[in-house]
Every structure is written in C-alpha cells, then in structure tokens.
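Asks: my_file_3.cif (mmCIF, C-alpha atoms) pasted underneath:
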```cif
data_query
#
loop_
_atom_site.group_PDB
_atom_site.id
_atom_site.type_symbol
_atom_site.label_atom_id
_atom_site.label_comp_id
_atom_site.auth_asym_id
_atom_site.auth_seq_id
_atom_site.Cartn_x
_atom_site.Cartn_y
_atom_site.Cartn_z
ATOM 1 C CA MET A 1 36.309 -4.620 -11.079
ATOM 2 C CA LEU A 2 37.813 -6.501 -8.172
ATOM 3 C CA GLU A 3 38.269 -10.273 -8.217
ATOM 4 C CA SER A 4 37.112 -12.046 -5.040
ATOM 5 C CA ASN A 5 39.069 -15.310 -5.282
ATOM 6 C CA PRO A 6 42.558 -14.684 -6.681
ATOM 7 C CA ASP A 7 43.834 -17.460 -8.933
ATOM 8 C CA TRP A 8 47.403 -16.233 -8.571
ATOM 9 C CA ASN A 9 49.311 -16.482 -5.311
ATOM 10 C CA THR A 10 52.101 -14.291 -6.621
ATOM 11 C CA VAL A 11 52.624 -12.007 -9.580
ATOM 12 C CA GLU A 12 56.414 -12.304 -9.568
ATOM 13 C CA ASP A 13 56.508 -14.941 -12.330
ATOM 14 C CA ILE A 14 53.937 -13.331 -14.627
ATOM 15 C CA ASP A 15 55.106 -11.567 -17.761
ATOM 16 C CA GLU A 16 54.817 -7.808 -17.182
ATOM 17 C CA ASP A 17 52.962 -7.161 -20.454
ATOM 18 C CA LEU A 18 50.416 -9.903 -19.667
ATOM 19 C CA LEU A 19 49.945 -8.604 -16.127
ATOM 20 C CA THR A 20 49.352 -5.074 -17.451
ATOM 21 C CA ALA A 21 46.814 -6.371 -19.984
ATOM 22 C CA VAL A 22 44.960 -8.406 -17.331
ATOM 23 C CA LEU A 23 44.789 -5.461 -14.937
ATOM 24 C CA GLN A 24 43.620 -3.080 -17.672
ATOM 25 C CA HIS A 25 41.004 -5.667 -18.705
ATOM 26 C CA HIS A 26 39.333 -5.006 -15.321
ATOM 27 C CA VAL A 27 38.854 -1.259 -15.912
ATOM 28 C CA VAL A 28 36.203 0.491 -18.003
ATOM 29 C CA ASN A 29 35.883 4.226 -18.565
ATOM 30 C CA GLY A 30 33.194 6.124 -16.685
ATOM 31 C CA ASN A 31 30.915 5.215 -13.803
ATOM 32 C CA LEU A 32 29.266 1.957 -14.825
ATOM 33 C CA ARG A 33 26.707 1.104 -12.145
ATOM 34 C CA SER A 34 24.827 -2.195 -11.968
ATOM 35 C CA GLU A 35 21.509 -0.538 -12.754
ATOM 36 C CA ASP A 36 23.014 0.694 -16.043
ATOM 37 C CA ILE A 37 23.764 -2.873 -17.180
ATOM 38 C CA THR A 38 21.281 -4.474 -19.550
ATOM 39 C CA ASP A 39 21.220 -7.956 -21.027
ATOM 40 C CA GLU A 40 23.863 -8.344 -23.750
ATOM 41 C CA SER A 41 25.246 -4.845 -23.122
ATOM 42 C CA THR A 42 28.961 -4.375 -23.629
ATOM 43 C CA ALA A 43 31.699 -2.190 -22.206
ATOM 44 C CA THR A 44 35.152 -1.587 -23.630
ATOM 45 C CA THR A 45 37.967 -2.156 -21.170
ATOM 46 C CA LEU A 46 41.031 0.044 -20.817
ATOM 47 C CA GLU A 47 42.957 -2.862 -22.384
ATOM 48 C CA GLY A 48 40.768 -2.533 -25.510
ATOM 49 C CA ASP A 49 38.611 -5.684 -25.478
ATOM 50 C CA ASP A 50 34.869 -5.617 -25.029
ATOM 51 C CA ILE A 51 33.267 -7.460 -22.134
ATOM 52 C CA THR A 52 29.630 -8.547 -22.407
ATOM 53 C CA PHE A 53 27.078 -8.602 -19.608
ATOM 54 C CA SER A 54 24.244 -11.120 -19.397
ATOM 55 C CA LEU A 55 21.285 -10.962 -17.029
ATOM 56 C CA SER A 56 19.536 -14.091 -15.798
ATOM 57 C CA PHE A 57 17.200 -14.388 -12.795
ATOM 58 C CA GLY A 58 18.712 -11.306 -11.174
ATOM 59 C CA ASP A 59 22.337 -12.403 -11.655
ATOM 60 C CA VAL A 60 24.812 -10.533 -13.824
ATOM 61 C CA THR A 61 27.420 -12.640 -15.586
ATOM 62 C CA ILE A 62 30.308 -11.332 -17.641
ATOM 63 C CA THR A 63 31.957 -12.740 -20.747
ATOM 64 C CA ASP A 64 35.561 -11.561 -20.878
ATOM 65 C CA GLY A 65 37.762 -10.919 -23.889
ATOM 66 C CA SER A 66 38.838 -14.575 -24.017
ATOM 67 C CA GLY A 67 35.253 -15.807 -24.073
ATOM 68 C CA ASN A 68 35.064 -17.021 -20.464
ATOM 69 C CA MET A 69 31.365 -16.831 -19.562
ATOM 70 C CA ASP A 70 31.322 -17.896 -15.899
ATOM 71 C CA ILE A 71 32.324 -14.637 -14.230
ATOM 72 C CA VAL A 72 29.659 -13.390 -11.828
ATOM 73 C CA LEU A 73 29.198 -9.840 -10.582
ATOM 74 C CA ALA A 74 28.989 -10.756 -6.881
ATOM 75 C CA VAL A 75 28.728 -7.352 -5.163
ATOM 76 C CA ALA A 76 27.990 -4.142 -7.027
ATOM 77 C CA ASN A 77 28.338 -0.387 -6.742
ATOM 78 C CA PHE A 78 31.119 0.428 -4.314
ATOM 79 C CA GLN A 79 31.438 4.160 -4.959
ATOM 80 C CA ALA A 80 35.062 5.357 -4.987
ATOM 81 C CA SER A 81 36.456 8.835 -5.571
ATOM 82 C CA ASN A 82 37.495 7.921 -9.123
ATOM 83 C CA GLY A 83 34.705 5.559 -10.176
ATOM 84 C CA VAL A 84 32.600 2.569 -9.208
ATOM 85 C CA LEU A 85 34.009 -0.769 -8.045
ATOM 86 C CA HIS A 86 32.322 -4.144 -8.471
ATOM 87 C CA LEU A 87 33.388 -7.456 -6.919
ATOM 88 C CA ILE A 88 33.555 -10.339 -9.419
ATOM 89 C CA THR A 89 34.151 -14.048 -8.854
ATOM 90 C CA LYS A 90 37.049 -14.692 -11.265
ATOM 91 C CA VAL A 91 39.935 -12.953 -12.965
ATOM 92 C CA MET A 92 38.904 -11.714 -16.401
ATOM 93 C CA ILE A 93 41.363 -12.667 -19.125
ATOM 94 C CA PRO A 94 41.817 -10.486 -22.207
ATOM 95 C CA ASP A 95 41.926 -11.863 -25.734
ATOM 96 C CA THR A 96 45.587 -12.841 -26.039
ATOM 97 C CA THR A 97 45.341 -13.635 -29.765
ATOM 98 C CA ASN A 98 45.345 -9.986 -30.863
#
```
Rewrite the structure of this file - the entire thing - as structure tokens.
Replies:
Amino acid sequence: MLESNPDWNTVEDIDEDLLTAVLQHHVVNGNLRSEDITDESTATTLEGDDITFSLSFGDVTITDGSGNMDIVLAVANFQASNGVLHLITKVMIPDTTN
C-alpha cells in the first residue's frame, strides 16, 4: 500500500528497525484487490500484525497494528508485476509494543 501524504520529510533520522517494520506493515501476501475486501476482514502484513478493513458508504477504512482507524483506501487496484498496489491516506504504524 502506498501512502499519499508522507508524514516524514526524511528517513535519515528514523531507527532502521522501526523503518523496516513500518515498510513491512504496508505489505500483505498475495493479490488483495478492493473487491475482495469485506467489512471487518483482516489481512496479515509482512511485518506480522493484522490490519482490519471496514466498509462504510462505499469507503474502505483501515485500522493498523497500532489501532489507528482513520486510514482511508483512496485509490485501489493498481496492478503491478508482483502484486496489487493501493493508495492510502496515512502511514500505517505497526504495533510497537510487541
């Protein structure tokens, strides 16, 4: 999943392990297309946390591993050679307590 409004201007000062976890929290295995998403469905990220999808009035929102619930799937289903890309409105943050 690609974030449309980066919160970070630079990654130089970010801990490498945290950066790796955040990037892996944006990847799920397989070809997850928007039409495959149902209300309260989950997907496990490469980082290991589950993300949860919610459907409301045609919008898909995502709850990340840290419990942030205001992430919107803005543009869906960019087919790439190695999977499907989706544009989201915020950086998803993994659960940093585990």
Asks: Could you tell me which of A:Asn77, A:Asn82, A:Thr20, A:Thr97 comes closest to Arg33 in chain A if we count all atoms listed in the file?
Replies: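 That would be A:Asn77, the residue with the smallest distance to Arg33 in chain A.
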Asks: Check the smallest atom-to-atom distance from each of A:Asn68, A:Gln79, A:Thr38, A:Asn31 to Leu55 in chain A using all atoms listed in the file, then report the winner.
Replies: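 Of the candidates, the smallest distance to Leu55 in chain A is held by A:Thr38.
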Asks: Mind pulling up the distance from CA of Ser66 in chain A to CA of Asp95 in chain A?
Replies: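 For CA of Asp95 in chain A relative to CA of Ser66 in chain A, the distance reads 4.5 Å.
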Asks: Please evaluate the PyMOL selection byres ((chain A and resi 92) around 9) against the displayed coordinates and give the resulting residues as a list in words.
Replies: Glu3, Val22, Leu23, His25, His26, Ile62, Thr63, Asp64, Gly65, Ser66, Asn68, Ile71, Ile88, Lys90, Val91, Ile93 and Pro94 of chain A
Asks: Edge lengths and centre, in Å to one decimal, as AutoDock Vina command-line options: that's what I need for the box along x, y and z that holds all listed atoms of range 93-98 of chain A plus 4 Å on each side.
Replies:
```
--center_x 43.5 --center_y -11.8 --center_z -25.0 --size_x 12.2 --size_y 11.6 --size_z 19.7
```
